[in-house]
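Chemist: Structure file model_0.pdb (PDB, C-alpha atoms, pLDDT in the B column) right here:
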MODEL        1
ATOM      1  CA  MET A 191     -39.427  32.275  -3.111  1.00 71.00           C
ATOM      2  CA  HIS A 192     -41.050  34.724  -5.506  1.00 82.00           C
ATOM      3  CA  LYS A 193     -43.447  33.817  -8.259  1.00 88.00           C
ATOM      4  CA  THR A 194     -42.473  34.589 -11.825  1.00 90.00           C
ATOM      5  CA  ARG A 195     -44.302  37.489 -13.438  1.00 91.00           C
ATOM      6  CA  LYS A 196     -45.590  36.084 -16.711  1.00 92.00           C
ATOM      7  CA  SER A 197     -45.709  39.506 -18.353  1.00 93.00           C
ATOM      8  CA  ILE A 198     -41.926  39.767 -17.909  1.00 92.00           C
ATOM      9  CA  LEU A 199     -41.380  36.394 -19.568  1.00 90.00           C
ATOM     10  CA  LYS A 200     -43.434  37.466 -22.576  1.00 93.00           C
ATOM     11  CA  ARG A 201     -41.518  40.713 -23.068  1.00 94.00           C
ATOM     12  CA  PHE A 202     -37.921  39.664 -22.450  1.00 94.00           C
ATOM     13  CA  LYS A 203     -35.745  36.800 -23.673  1.00 92.00           C
ATOM     14  CA  ILE A 204     -32.346  35.648 -22.484  1.00 88.00           C
ATOM     15  CA  THR A 205     -29.607  34.766 -24.971  1.00 89.00           C
ATOM     16  CA  GLY A 206     -27.127  31.943 -24.743  1.00 89.00           C
ATOM     17  CA  SER A 207     -24.437  34.352 -23.556  1.00 90.00           C
ATOM     18  CA  GLY A 208     -26.683  35.677 -20.778  1.00 85.00           C
ATOM     19  CA  LYS A 209     -27.822  38.994 -22.259  1.00 90.00           C
ATOM     20  CA  VAL A 210     -31.446  40.036 -21.754  1.00 93.00           C
ATOM     21  CA  MET A 211     -33.113  41.162 -24.982  1.00 95.00           C
ATOM     22  CA  ARG A 212     -36.235  43.244 -25.593  1.00 96.00           C
ATOM     23  CA  ARG A 213     -38.308  44.286 -28.578  1.00 95.00           C
ATOM     24  CA  THR A 214     -37.802  47.727 -30.085  1.00 95.00           C
ATOM     25  CA  ALA A 215     -40.684  50.148 -29.656  1.00 94.00           C
ATOM     26  CA  GLY A 216     -42.438  51.771 -32.605  1.00 92.00           C
ATOM     27  CA  LYS A 217     -43.054  48.871 -34.996  1.00 93.00           C
ATOM     28  CA  ARG A 218     -46.831  48.448 -34.631  1.00 94.00           C
ATOM     29  CA  HIS A 219     -48.695  51.081 -36.612  1.00 95.00           C
ATOM     30  CA  LEU A 220     -48.315  54.485 -38.316  1.00 95.00           C
ATOM     31  CA  LEU A 221     -45.183  53.165 -40.001  1.00 95.00           C
ATOM     32  CA  ARG A 222     -45.550  55.288 -43.120  1.00 96.00           C
ATOM     33  CA  ASN A 223     -44.488  58.305 -41.066  1.00 96.00           C
ATOM     34  CA  LEU A 224     -41.170  56.689 -40.161  1.00 95.00           C
ATOM     35  CA  SER A 225     -38.080  56.628 -42.329  1.00 96.00           C
ATOM     36  CA  LYS A 226     -36.952  53.335 -43.836  1.00 97.00           C
ATOM     37  CA  LYS A 227     -33.919  53.392 -41.578  1.00 96.00           C
ATOM     38  CA  ARG A 228     -36.036  53.642 -38.411  1.00 95.00           C
ATOM     39  CA  ARG A 229     -38.408  50.923 -39.607  1.00 95.00           C
ATOM     40  CA  ARG A 230     -35.512  48.613 -40.412  1.00 95.00           C
ATOM     41  CA  ARG A 231     -33.794  49.159 -37.066  1.00 95.00           C
ATOM     42  CA  ALA A 232     -37.071  48.757 -35.157  1.00 94.00           C
ATOM     43  CA  GLY A 233     -37.347  45.210 -36.482  1.00 92.00           C
ATOM     44  CA  LYS A 234     -34.314  44.105 -34.481  1.00 94.00           C
ATOM     45  CA  ASP A 235     -34.135  43.288 -30.793  1.00 96.00           C
ATOM     46  CA  LYS A 236     -32.116  45.401 -28.389  1.00 96.00           C
ATOM     47  CA  THR A 237     -30.321  44.616 -25.163  1.00 96.00           C
ATOM     48  CA  VAL A 238     -31.871  45.757 -21.901  1.00 96.00           C
ATOM     49  CA  ALA A 239     -30.193  48.633 -20.049  1.00 95.00           C
ATOM     50  CA  ARG A 240     -28.098  47.690 -17.032  1.00 93.00           C
ATOM     51  CA  GLY A 241     -30.329  49.686 -14.694  1.00 94.00           C
ATOM     52  CA  LEU A 242     -33.339  47.474 -15.457  1.00 93.00           C
ATOM     53  CA  LEU A 243     -31.596  44.109 -15.259  1.00 91.00           C
ATOM     54  CA  LYS A 244     -31.959  43.787 -11.499  1.00 89.00           C
ATOM     55  CA  GLN A 245     -35.695  44.563 -11.606  1.00 91.00           C
ATOM     56  CA  ILE A 246     -36.257  42.022 -14.371  1.00 90.00           C
ATOM     57  CA  LYS A 247     -34.314  39.312 -12.580  1.00 87.00           C
ATOM     58  CA  VAL A 248     -36.336  39.918  -9.386  1.00 89.00           C
ATOM     59  CA  ALA A 249     -39.606  39.667 -11.328  1.00 90.00           C
ATOM     60  CA  ALA A 250     -38.547  36.420 -13.036  1.00 86.00           C
ATOM     61  CA  PRO A 251     -36.283  34.718 -10.479  1.00 84.00           C
ATOM     62  CA  ASN A 252     -36.445  31.187 -11.848  1.00 78.00           C
ATOM     63  CA  ARG A 253     -36.077  32.008 -15.525  1.00 72.00           C
ATOM     64  CA  LEU A 254     -33.446  34.694 -16.037  1.00 63.00           C
TER
ENDMDL
END
Mind converting the file's structure to structure tokens?
Modeler:
Amino acid sequence: MHKTRKSILKRFKITGSGKVMRRTAGKRHLLRNLSKKRRRRAGKDKTVARGLLKQIKVAAPNRL
């Protein structure tokens, strides 16, 4: 039985349908250099790529 990596739990959330969601990068600082479109889209969560799902589920076996 593996322990759950707490850093994974803080960065990823699972939806009701089973998708794993992550935050979009680039929404912390230096925002005046970005276009309004990029700032708006960076405010929304994105789904995790299929290639990373297995690694995330191994790191958080009891949660995801």
Chemist: I'd like the interatomic distance between CA of Lys209 in chain A and CA of Lys247 in chain A, to a tenth of an Å.
Modeler: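 It comes out at 11.7 Å.
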Chemist: Restricting the calculation to only C-alpha atoms, which member of A:Val210, A:Ala215, A:Ile204, A:Leu199 is positioned closest to Ala249 in chain A?
Modeler: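 Smallest separation from Ala249 in chain A among the options: A:Leu199.
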Chemist: Which is closest to Arg229 in chain A among A:Phe202, A:Lys217, A:Ile246, A:Thr194, if we use all atoms listed in the file?
Modeler: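 Result for the nearest residue to Arg229 in chain A: A:Lys217.
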Chemist: Can you list what the PyMOL selection byres ((chain A and resi 205) around 12) grabs from this structure, as an MDAnalysis selection string?
Modeler: chainID A and resid 202:204 206:212 235:238 253:254
Chemist: Using only C-alpha atoms, please write the residues we just selected to a file, as a PDB file, in the frame of the given file.
Modeler:
ATOM      1  CA  PHE A 202     -37.921  39.664 -22.450  1.00 94.00           C
ATOM      2  CA  LYS A 203     -35.745  36.800 -23.673  1.00 92.00           C
ATOM      3  CA  ILE A 204     -32.346  35.648 -22.484  1.00 88.00           C
ATOM      4  CA  GLY A 206     -27.127  31.943 -24.743  1.00 89.00           C
ATOM      5  CA  SER A 207     -24.437  34.352 -23.556  1.00 90.00           C
ATOM      6  CA  GLY A 208     -26.683  35.677 -20.778  1.00 85.00           C
ATOM      7  CA  LYS A 209     -27.822  38.994 -22.259  1.00 90.00           C
ATOM      8  CA  VAL A 210     -31.446  40.036 -21.754  1.00 93.00           C
ATOM      9  CA  MET A 211     -33.113  41.162 -24.982  1.00 95.00           C
ATOM     10  CA  ARG A 212     -36.235  43.244 -25.593  1.00 96.00           C
ATOM     11  CA  ASP A 235     -34.135  43.288 -30.793  1.00 96.00           C
ATOM     12  CA  LYS A 236     -32.116  45.401 -28.389  1.00 96.00           C
ATOM     13  CA  THR A 237     -30.321  44.616 -25.163  1.00 96.00           C
ATOM     14  CA  VAL A 238     -31.871  45.757 -21.901  1.00 96.00           C
ATOM     15  CA  ARG A 253     -36.077  32.008 -15.525  1.00 72.00           C
ATOM     16  CA  LEU A 254     -33.446  34.694 -16.037  1.00 63.00           C
TER      17      LEU A 254
END
Chemist: Which residues would end up in the selection if the PyMOL selection byres ((chain A and resi 232) around 7) were applied here, given that I need the answer as number ranges by chain?
Modeler: A: 214-217, 228-231, 233-234
Chemist: Would you mind telling me which residue in A:Lys227, A:Arg218, A:Arg213, A:Gln245 lies nearest to Lys200 in chain A when using all atoms listed in the file?
Modeler: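 Distance minimum relative to Lys200 in chain A lands on A:Arg213.
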Chemist: Tell me which protein, DNA and RNA residues are within 9 Å of His192 in chain A, counting only C-alpha atoms, leaving out same-chain ones fewer than 4 positions away, and put them as a list in words.
Modeler: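 Final neighbour list, sorted by chain and number: Val248, Ala249, Ala250, Pro251 and Asn252 of chain A.
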Chemist: Could you work out how far CA of Ser197 in chain A lies from CA of His219 in chain A, giving the answer in Å with one decimal?
Modeler: 21.8 Å
Chemist: Once 4 Å is added on each side, what centre and edge lengths in Å to one decimal does the axis-aligned box around all listed atoms of range 217-235 of chain A have, as JSON?
Modeler:
{"center_x": -41.2, "center_y": 50.8, "center_z": -37.3, "size_x": 22.9, "size_y": 23.0, "size_z": 21.0}
